[in-house]
$ cat input-v9.cif   # mmCIF, C-alpha atoms
data_data
#
loop_
_atom_site.group_PDB
_atom_site.id
_atom_site.type_symbol
_atom_site.label_atom_id
_atom_site.label_comp_id
_atom_site.auth_asym_id
_atom_site.auth_seq_id
_atom_site.Cartn_x
_atom_site.Cartn_y
_atom_site.Cartn_z
ATOM 1 C CA THR F 1 1.742 26.139 -15.436
ATOM 2 C CA ARG F 2 -0.131 23.450 -13.516
ATOM 3 C CA THR F 3 -0.265 22.298 -9.916
ATOM 4 C CA PHE F 4 0.166 18.606 -9.141
ATOM 5 C CA LYS F 5 -0.166 16.333 -6.160
ATOM 6 C CA SER F 6 3.436 15.307 -5.961
ATOM 7 C CA ILE F 7 4.909 12.697 -8.310
ATOM 8 C CA PHE F 8 1.679 10.723 -8.246
ATOM 9 C CA GLY F 9 -0.383 13.444 -9.909
ATOM 10 C CA LEU F 10 2.328 14.199 -12.434
ATOM 11 C CA LEU F 11 2.450 10.575 -13.571
ATOM 12 C CA GLN F 12 -1.329 10.169 -13.525
ATOM 13 C CA ASN F 13 -1.759 12.937 -16.137
ATOM 14 C CA GLU F 14 -3.640 15.000 -13.598
ATOM 15 C CA ASN F 15 -5.231 18.343 -14.556
ATOM 16 C CA GLY F 16 -4.983 17.637 -18.273
ATOM 17 C CA SER F 17 -1.192 17.429 -18.232
ATOM 18 C CA PRO F 18 0.837 16.066 -21.151
ATOM 19 C CA GLU F 19 1.125 12.298 -20.953
ATOM 20 C CA ILE F 20 4.166 11.440 -18.849
ATOM 21 C CA THR F 21 5.115 7.783 -18.650
ATOM 22 C CA LYS F 22 8.406 8.176 -16.805
ATOM 23 C CA ILE F 23 10.543 10.656 -14.861
ATOM 24 C CA VAL F 24 14.263 10.285 -15.525
ATOM 25 C CA ILE F 25 16.986 12.279 -13.770
ATOM 26 C CA PRO F 26 19.459 12.893 -16.632
ATOM 27 C CA LYS F 27 23.197 12.344 -16.712
ATOM 28 C CA ILE F 28 23.858 16.080 -16.784
ATOM 29 C CA GLN F 29 22.402 16.473 -13.287
ATOM 30 C CA ARG F 30 24.529 16.330 -10.159
ATOM 31 C CA ASP F 31 24.112 13.554 -7.604
ATOM 32 C CA PHE F 32 21.261 13.592 -5.116
ATOM 33 C CA ALA F 33 22.552 15.985 -2.466
ATOM 34 C CA TYR F 34 19.902 16.339 0.240
ATOM 35 C CA GLY F 35 21.187 13.222 1.969
ATOM 36 C CA ARG F 36 24.771 14.415 2.246
ATOM 37 C CA CYS F 37 26.024 14.673 5.807
ATOM 38 C CA ASP F 38 27.840 18.000 5.573
ATOM 39 C CA GLU F 39 26.378 20.845 7.608
ATOM 40 C CA LYS F 40 24.847 22.736 4.670
ATOM 41 C CA ASN F 41 22.938 19.799 3.204
ATOM 42 C CA SER F 42 21.994 18.414 6.622
ATOM 43 C CA LYS F 43 20.255 21.706 7.368
ATOM 44 C CA LYS F 44 18.508 21.665 3.983
ATOM 45 C CA ARG F 45 17.350 18.080 4.586
ATOM 46 C CA LEU F 46 15.954 18.835 8.023
ATOM 47 C CA ARG F 47 14.224 22.038 6.903
ATOM 48 C CA PHE F 48 12.619 20.300 3.919
ATOM 49 C CA LEU F 49 11.448 17.316 5.953
ATOM 50 C CA ASP F 50 10.074 19.657 8.624
ATOM 51 C CA ALA F 51 8.010 21.427 5.949
ATOM 52 C CA LEU F 52 6.740 18.121 4.545
ATOM 53 C CA PHE F 53 5.945 16.886 8.052
ATOM 54 C CA ASP F 54 3.857 19.990 8.733
ATOM 55 C CA ALA F 55 2.071 19.424 5.422
ATOM 56 C CA VAL F 56 0.980 15.871 6.193
ATOM 57 C CA ASN F 57 -0.136 17.002 9.631
ATOM 58 C CA GLY F 58 -2.612 19.548 8.357
ATOM 59 C CA SER F 59 -0.761 22.481 6.768
ATOM 60 C CA PRO F 60 -0.800 21.743 3.002
ATOM 61 C CA ILE F 61 2.205 23.001 1.092
ATOM 62 C CA THR F 62 2.834 23.867 -2.546
ATOM 63 C CA LEU F 63 6.493 23.595 -3.435
ATOM 64 C CA ASP F 64 8.238 25.868 -5.881
ATOM 65 C CA PHE F 65 8.356 25.370 -9.650
ATOM 66 C CA ILE F 66 9.734 22.205 -11.194
ATOM 67 C CA TYR F 67 10.871 22.682 -14.778
ATOM 68 C CA GLY F 68 11.353 19.892 -17.251
ATOM 69 C CA ASP F 69 11.523 18.691 -20.825
ATOM 70 C CA ILE F 70 8.975 16.134 -22.049
ATOM 71 C CA ARG F 71 9.903 13.994 -25.025
ATOM 72 C CA ASP F 72 8.081 10.810 -26.043
ATOM 73 C CA GLY F 73 6.394 10.718 -22.646
ATOM 74 C CA VAL F 74 9.660 10.929 -20.675
ATOM 75 C CA LEU F 75 10.040 13.888 -18.324
ATOM 76 C CA THR F 76 13.606 15.077 -17.835
ATOM 77 C CA PRO F 77 13.666 17.456 -14.842
ATOM 78 C CA LEU F 78 16.055 20.346 -15.323
ATOM 79 C CA ASP F 79 15.237 21.906 -11.968
ATOM 80 C CA GLY F 80 13.626 20.101 -9.041
ATOM 81 C CA GLN F 81 15.717 16.939 -8.863
ATOM 82 C CA GLN F 82 16.274 17.183 -5.114
ATOM 83 C CA ARG F 83 12.592 17.708 -4.339
ATOM 84 C CA LEU F 84 11.383 15.009 -6.732
ATOM 85 C CA THR F 85 13.862 12.459 -5.378
ATOM 86 C CA THR F 86 12.878 13.230 -1.785
ATOM 87 C CA LEU F 87 9.193 12.854 -2.673
ATOM 88 C CA PHE F 88 9.918 9.566 -4.450
ATOM 89 C CA LEU F 89 11.617 8.249 -1.310
ATOM 90 C CA LEU F 90 8.837 9.564 0.934
ATOM 91 C CA TYR F 91 6.152 7.930 -1.212
ATOM 92 C CA TRP F 92 8.167 4.695 -1.179
ATOM 93 C CA PHE F 93 8.410 4.748 2.604
ATOM 94 C CA ALA F 94 4.711 5.582 2.994
ATOM 95 C CA SER F 95 3.678 2.777 0.631
ATOM 96 C CA LYS F 96 5.668 0.242 2.653
ATOM 97 C CA LYS F 97 4.540 1.646 5.988
ATOM 98 C CA GLU F 98 0.859 1.490 5.008
ATOM 99 C CA ASN F 99 1.122 -1.795 3.068
ATOM 100 C CA VAL F 100 -0.370 -0.033 0.064
ATOM 101 C CA PRO F 101 -1.486 -2.493 -2.656
ATOM 102 C CA THR F 102 1.071 -2.834 -5.427
ATOM 103 C CA GLY F 103 -1.266 -1.462 -8.066
ATOM 104 C CA GLU F 104 -1.656 1.819 -6.196
ATOM 105 C CA CYS F 105 2.066 2.545 -6.058
ATOM 106 C CA ASP F 106 3.165 1.222 -9.449
ATOM 107 C CA PHE F 107 3.841 4.836 -10.407
ATOM 108 C CA LEU F 108 7.033 4.634 -8.317
ATOM 109 C CA LYS F 109 8.462 2.306 -10.966
ATOM 110 C CA LYS F 110 8.358 5.229 -13.384
ATOM 111 C CA PHE F 111 11.018 7.190 -11.505
ATOM 112 C CA SER F 112 14.621 6.563 -12.519
ATOM 113 C CA TYR F 113 18.148 7.947 -12.429
ATOM 114 C CA GLU F 114 20.622 8.043 -15.309
ATOM 115 C CA THR F 115 23.417 9.795 -13.443
ATOM 116 C CA ARG F 116 25.059 6.440 -12.686
ATOM 117 C CA PRO F 117 24.026 2.770 -13.168
ATOM 118 C CA ALA F 118 24.121 2.174 -9.393
ATOM 119 C CA ALA F 119 21.512 4.873 -8.767
ATOM 120 C CA ARG F 120 19.251 3.514 -11.511
ATOM 121 C CA TYR F 121 19.437 -0.076 -10.257
ATOM 122 C CA PHE F 122 18.945 1.042 -6.665
ATOM 123 C CA CYS F 123 15.682 2.818 -7.522
ATOM 124 C CA GLU F 124 14.474 -0.222 -9.454
ATOM 125 C CA LYS F 125 15.285 -2.622 -6.634
ATOM 126 C CA ILE F 126 13.786 -0.800 -3.666
ATOM 127 C CA VAL F 127 10.415 -0.333 -5.398
ATOM 128 C CA ASN F 128 10.008 -4.104 -5.576
ATOM 129 C CA GLU F 129 11.571 -4.797 -2.199
ATOM 130 C CA ASP F 130 9.849 -5.679 1.055
ATOM 131 C CA PHE F 131 10.586 -3.384 3.968
ATOM 132 C CA ASN F 132 9.300 -3.459 7.522
ATOM 133 C CA PRO F 133 9.176 0.088 8.948
ATOM 134 C CA ASN F 134 7.889 -1.135 12.304
ATOM 135 C CA ILE F 135 11.078 -2.761 13.514
ATOM 136 C CA THR F 136 14.031 -1.016 15.104
ATOM 137 C CA SER F 137 16.302 -1.653 12.131
ATOM 138 C CA SER F 138 16.548 1.445 9.930
ATOM 139 C CA PRO F 139 15.780 1.399 6.193
ATOM 140 C CA SER F 140 19.457 1.695 5.304
ATOM 141 C CA LEU F 141 20.415 -1.319 7.418
ATOM 142 C CA GLN F 142 17.569 -3.426 6.037
ATOM 143 C CA ILE F 143 18.425 -2.482 2.454
ATOM 144 C CA LYS F 144 22.155 -3.083 2.885
ATOM 145 C CA ASP F 145 21.314 -6.555 4.179
ATOM 146 C CA LYS F 146 19.601 -7.530 0.907
ATOM 147 C CA ASN F 147 21.469 -9.912 -1.348
ATOM 148 C CA TRP F 148 21.015 -7.589 -4.337
ATOM 149 C CA PHE F 149 22.709 -4.651 -2.597
ATOM 150 C CA HIS F 150 26.306 -4.299 -3.760
ATOM 151 C CA LEU F 151 28.688 -3.113 -1.071
ATOM 152 C CA GLU F 152 30.348 -0.680 -3.461
ATOM 153 C CA TRP F 153 27.020 1.149 -3.775
ATOM 154 C CA GLN F 154 27.692 2.601 -0.336
ATOM 155 C CA HIS F 155 30.359 4.720 -2.035
ATOM 156 C CA ASP F 156 28.056 5.943 -4.803
ATOM 157 C CA ALA F 157 27.189 9.530 -3.907
ATOM 158 C CA THR F 158 23.507 9.295 -4.902
ATOM 159 C CA VAL F 159 22.818 5.895 -3.344
ATOM 160 C CA ALA F 160 24.583 6.851 -0.102
ATOM 161 C CA SER F 161 22.601 10.086 0.006
ATOM 162 C CA MET F 162 19.311 8.255 -0.610
ATOM 163 C CA LEU F 163 20.032 5.883 2.267
ATOM 164 C CA VAL F 164 20.641 8.814 4.613
ATOM 165 C CA MET F 165 17.404 10.448 3.457
ATOM 166 C CA LEU F 166 15.427 7.233 3.935
ATOM 167 C CA ASP F 167 16.662 6.945 7.510
ATOM 168 C CA ALA F 168 15.726 10.584 8.140
ATOM 169 C CA ILE F 169 12.248 9.978 6.681
ATOM 170 C CA TRP F 170 11.846 6.864 8.831
ATOM 171 C CA GLU F 171 12.746 8.793 11.975
ATOM 172 C CA LYS F 172 10.480 11.724 11.085
ATOM 173 C CA PHE F 173 7.377 10.073 9.648
ATOM 174 C CA SER F 174 7.080 6.658 11.323
ATOM 175 C CA SER F 175 4.437 7.895 13.767
ATOM 176 C CA VAL F 176 2.218 9.555 11.130
ATOM 177 C CA GLU F 177 -0.982 7.589 10.555
ATOM 178 C CA ASP F 178 -2.417 7.298 7.025
ATOM 179 C CA LEU F 179 0.815 8.801 5.725
ATOM 180 C CA PHE F 180 0.287 7.661 2.134
ATOM 181 C CA GLY F 181 -3.079 9.371 1.906
ATOM 182 C CA LYS F 182 -1.854 12.538 3.603
ATOM 183 C CA LEU F 183 0.896 13.012 1.016
ATOM 184 C CA ALA F 184 -1.834 14.554 -1.155
ATOM 185 C CA ASN F 185 -1.248 17.667 0.997
ATOM 186 C CA ILE F 186 2.072 18.144 -0.824
ATOM 187 C CA SER F 187 1.845 19.688 -4.282
ATOM 188 C CA PHE F 188 4.102 21.629 -6.624
ATOM 189 C CA TYR F 189 4.027 23.720 -9.767
ATOM 190 C CA PHE F 190 5.227 22.105 -12.970
ATOM 191 C CA LEU F 191 6.221 24.016 -16.093
ATOM 192 C CA PRO F 192 7.354 22.301 -19.320
ATOM 193 C CA ILE F 193 10.292 24.281 -20.716
ATOM 194 C CA GLU F 194 8.676 24.489 -24.150
ATOM 195 C CA ASN F 195 6.077 26.742 -22.522
ATOM 196 C CA MET F 196 8.941 29.096 -21.668
ATOM 197 C CA GLY F 197 10.147 29.228 -25.267
ATOM 198 C CA LEU F 198 13.314 27.310 -24.362
ATOM 199 C CA THR F 199 14.960 24.197 -25.791
#

$ encode --input "input-v9.cif" --output "structure tokens"
Amino acid sequence: TRTFKSIFGLLQNENGSPEITKIVIPKIQRDFAYGRCDEKNSKKRLRFLDALFDAVNGSPITLDFIYGDIRDGVLTPLDGQQRLTTLFLLYWFASKKENVPTGECDFLKKFSYETRPAARYFCEKIVNEDFNPNITSSPSLQIKDKNWFHLEWQHDATVASMLVMLDAIWEKFSSVEDLFGKLANISFYFLPIENMGLT
């Protein structure tokens, strides 16, 4: 079991971890749910973002275990999809907000979804997309206005949920200075399933 500084540490082979070149949410996983607008998931989203907000403002947090299978450098999370996806979106927002040099956030390109093609393409596109967090237009509106955004993606459960989460992150974290650097206050435990004697 090892502790990592969010997705960044996991993909940087921190603490002598196995080499991981990519994180892929597999087809067997459900859609990203934390951005759903029903009461249950809305409460989960707000509670999780509150905890992350407290972390970047001086109360470091270590999230629960994330389990996964590593094969040929590709990590397939079997538990932790919701947390990893939220952290991916938070890192994306922070990198745009702070104008972080491309080379320092290339690790975001190593996160992908296989649940549906729309989710995979969406993740690929936003990483390379410009976004201005300092204007009144929310992330979802700016992204939907891009010529690469297909209108039918609004009906894809994962993409729609990601857009809701991005807007929630924008509302919650826009005022945090040095957000990208402060994300180091968020860590989690990672356990490869082979260490548990499972296949």

$ closest_residue --input "input-v9.cif" --among "F:Phe88, F:Gly181, F:Leu10, F:Arg71" --to "Cys123 (chain F)" --atoms "all atoms listed in the file"
F:Phe88

$ atom_distance --input "input-v9.cif" --atom1 "CA of Pro77 (chain F)" --atom2 "CA of Asp178 (chain F)"
29.0 Å

$ atom_distance --input "input-v9.cif" --atom1 "CA of Gly68 (chain F)" --atom2 "CA of Ile20 (chain F)"
11.2 Å

$ closest_residue --input "input-v9.cif" --among "F:Leu151, F:Ala94, F:Leu108, F:Leu89" --to "Thr21 (chain F)" --atoms "only C-alpha atoms"
F:Leu108

$ closest_residue --input "input-v9.cif" --among "F:Leu191, F:Leu90, F:Leu75, F:Ala184" --to "Gly58 (chain F)" --atoms "all atoms listed in the file"
F:Ala184

$ residues_around --input "input-v9.cif" --residues "Lys172 (chain F)" --least-positions-apart "6" --cutoff "10 Å" --atoms "all atoms listed in the file" --output "VMD selection string"
chain F and resid 46 49 to 50 52 to 53 166

$ residues_around --input "input-v9.cif" --residues "Ser112 (chain F)" --least-positions-apart "4" --cutoff "9 Å" --atoms "all atoms listed in the file" --output "list in words"
Lys22, Ile23, Val24, Ile25, Pro26, Leu108, Ala119, Arg120, Tyr121, Cys123 and Glu124 of chain F

$ closest_residue --input "input-v9.cif" --among "F:Ala33, F:Leu78, F:Cys105, F:Ala157" --to "Pro117 (chain F)" --atoms "all atoms listed in the file"
F:Ala157

$ atom_distance --input "input-v9.cif" --atom1 "CA of Ile61 (chain F)" --atom2 "CA of Leu179 (chain F)"
15.0 Å

$ closest_residue --input "input-v9.cif" --among "F:Thr115, F:Asn99, F:Ser59, F:Ser174" --to "Asp130 (chain F)" --atoms "all atoms listed in the file"
F:Asn99

$ decode --input "input-v9.cif" --residues "region 2-135 of chain F" --atoms "C-alpha atoms" --output "short mmCIF file (atom, residue, chain, number, x, y, z; two decimals), in the first residue's frame"
data_model
loop_
_atom_site.label_atom_id
_atom_site.label_comp_id
_atom_site.auth_asym_id
_atom_site.auth_seq_id
_atom_site.Cartn_x
_atom_site.Cartn_y
_atom_site.Cartn_z
CA ARG F 2 1.38 3.42 -0.92
CA THR F 3 0.23 7.00 -0.50
CA PHE F 4 0.21 9.29 -3.52
CA LYS F 5 -0.29 12.96 -4.23
CA SER F 6 -3.40 12.60 -6.30
CA ILE F 7 -3.27 11.49 -9.94
CA PHE F 8 -0.04 13.41 -10.47
CA GLY F 9 1.98 11.30 -8.04
CA LEU F 10 0.46 8.07 -9.30
CA LEU F 11 1.48 8.84 -12.88
CA GLN F 12 4.91 10.14 -11.88
CA ASN F 13 5.86 6.76 -10.34
CA GLU F 14 6.11 8.41 -6.96
CA ASN F 15 7.31 6.45 -3.89
CA GLY F 16 8.74 3.64 -5.99
CA SER F 17 5.38 2.70 -7.48
CA PRO F 18 5.02 0.36 -10.47
CA GLU F 19 5.38 2.26 -13.72
CA ILE F 20 1.96 3.56 -14.73
CA THR F 21 1.71 5.22 -18.12
CA LYS F 22 -2.06 5.63 -18.25
CA ILE F 23 -5.22 5.45 -16.14
CA VAL F 24 -8.20 4.02 -18.02
CA ILE F 25 -11.72 3.75 -16.61
CA PRO F 26 -12.87 0.38 -18.03
CA LYS F 27 -16.07 -0.48 -19.85
CA ILE F 28 -17.32 -2.52 -16.90
CA GLN F 29 -17.53 0.60 -14.74
CA ARG F 30 -20.69 2.67 -14.43
CA ASP F 31 -20.85 6.24 -15.69
CA PHE F 32 -19.34 9.09 -13.72
CA ALA F 33 -22.02 9.77 -11.12
CA TYR F 34 -20.84 12.60 -8.87
CA GLY F 35 -22.12 15.17 -11.34
CA ARG F 36 -25.65 13.81 -11.47
CA CYS F 37 -28.28 16.29 -10.35
CA ASP F 38 -30.42 13.98 -8.22
CA GLU F 39 -30.48 14.71 -4.51
CA LYS F 40 -28.26 11.80 -3.46
CA ASN F 41 -25.41 12.53 -5.85
CA SER F 42 -25.71 16.30 -5.42
CA LYS F 43 -25.08 15.83 -1.70
CA LYS F 44 -22.12 13.53 -2.40
CA ARG F 45 -20.67 16.09 -4.84
CA LEU F 46 -20.98 18.97 -2.40
CA ARG F 47 -19.57 16.99 0.53
CA PHE F 48 -16.59 15.80 -1.52
CA LEU F 49 -15.82 19.25 -2.90
CA ASP F 50 -16.13 20.73 0.59
CA ALA F 51 -13.51 18.24 1.83
CA LEU F 52 -11.19 19.03 -1.09
CA PHE F 53 -11.70 22.76 -0.54
CA ASP F 54 -10.69 22.42 3.11
CA ALA F 55 -7.63 20.45 2.00
CA VAL F 56 -6.31 23.10 -0.37
CA ASN F 57 -6.94 25.73 2.29
CA GLY F 58 -4.68 24.15 4.86
CA SER F 59 -6.22 20.89 6.13
CA PRO F 60 -4.50 18.13 4.09
CA ILE F 61 -6.63 15.09 3.39
CA THR F 62 -5.85 11.48 2.53
CA LEU F 63 -8.70 9.84 0.68
CA ASP F 64 -9.68 6.22 1.09
CA PHE F 65 -8.14 3.30 -0.80
CA ILE F 66 -8.15 3.16 -4.58
CA TYR F 67 -7.78 -0.37 -5.92
CA GLY F 68 -6.67 -1.21 -9.42
CA ASP F 69 -5.13 -3.65 -11.85
CA ILE F 70 -1.88 -2.71 -13.61
CA ARG F 71 -1.09 -4.41 -16.89
CA ASP F 72 1.54 -3.21 -19.36
CA GLY F 73 1.67 0.13 -17.57
CA VAL F 74 -2.09 0.74 -17.79
CA LEU F 75 -3.95 1.16 -14.50
CA THR F 76 -7.55 -0.02 -14.55
CA PRO F 77 -9.28 1.31 -11.41
CA LEU F 78 -11.75 -1.16 -9.95
CA ASP F 79 -12.69 1.11 -7.06
CA GLY F 80 -12.12 4.86 -6.94
CA GLN F 81 -13.47 5.94 -10.32
CA GLN F 82 -15.55 8.77 -8.89
CA ARG F 83 -12.68 10.20 -6.85
CA LEU F 84 -10.12 9.86 -9.64
CA THR F 85 -12.42 11.51 -12.19
CA THR F 86 -13.16 14.40 -9.82
CA LEU F 87 -9.44 14.88 -9.19
CA PHE F 88 -8.74 14.79 -12.93
CA LEU F 89 -11.31 17.55 -13.47
CA LEU F 90 -9.99 19.56 -10.52
CA TYR F 91 -6.41 19.32 -11.78
CA TRP F 92 -7.62 20.34 -15.25
CA PHE F 93 -9.41 23.38 -13.86
CA ALA F 94 -6.42 24.35 -11.70
CA SER F 95 -4.01 24.03 -14.63
CA LYS F 96 -6.14 26.37 -16.74
CA LYS F 97 -6.77 28.78 -13.88
CA GLU F 98 -3.05 29.08 -13.09
CA ASN F 99 -1.88 28.98 -16.73
CA VAL F 100 0.36 26.06 -15.83
CA PRO F 101 2.93 25.30 -18.57
CA THR F 102 1.85 22.44 -20.81
CA GLY F 103 4.77 20.25 -19.81
CA GLU F 104 3.74 20.33 -16.15
CA CYS F 105 0.23 19.05 -16.79
CA ASP F 106 0.89 16.56 -19.59
CA PHE F 107 0.01 13.84 -17.09
CA LEU F 108 -3.67 14.77 -17.60
CA LYS F 109 -3.42 13.28 -21.09
CA LYS F 110 -2.87 9.90 -19.47
CA PHE F 111 -6.38 9.76 -18.01
CA SER F 112 -9.07 8.21 -20.20
CA TYR F 113 -12.51 6.62 -20.22
CA GLU F 114 -13.55 3.49 -22.09
CA THR F 115 -17.14 3.40 -20.87
CA ARG F 116 -18.29 5.18 -24.04
CA PRO F 117 -16.49 6.84 -27.00
CA ALA F 118 -18.02 10.23 -26.12
CA ALA F 119 -16.45 10.19 -22.66
CA ARG F 120 -13.05 9.20 -24.06
CA TYR F 121 -13.06 11.92 -26.73
CA PHE F 122 -14.31 14.50 -24.24
CA CYS F 123 -11.37 13.86 -21.90
CA GLU F 124 -8.94 14.06 -24.80
CA LYS F 125 -10.38 17.32 -26.08
CA ILE F 126 -10.60 19.33 -22.87
CA VAL F 127 -6.96 18.62 -21.94
CA ASN F 128 -5.83 20.41 -25.10
CA GLU F 129 -8.48 23.10 -24.96
CA ASP F 130 -8.12 26.71 -23.89
CA PHE F 131 -10.40 27.82 -21.08
CA ASN F 132 -10.70 31.16 -19.35
CA PRO F 133 -11.83 30.67 -15.73
CA ASN F 134 -11.84 34.41 -15.06
CA ILE F 135 -14.88 35.30 -17.12
#
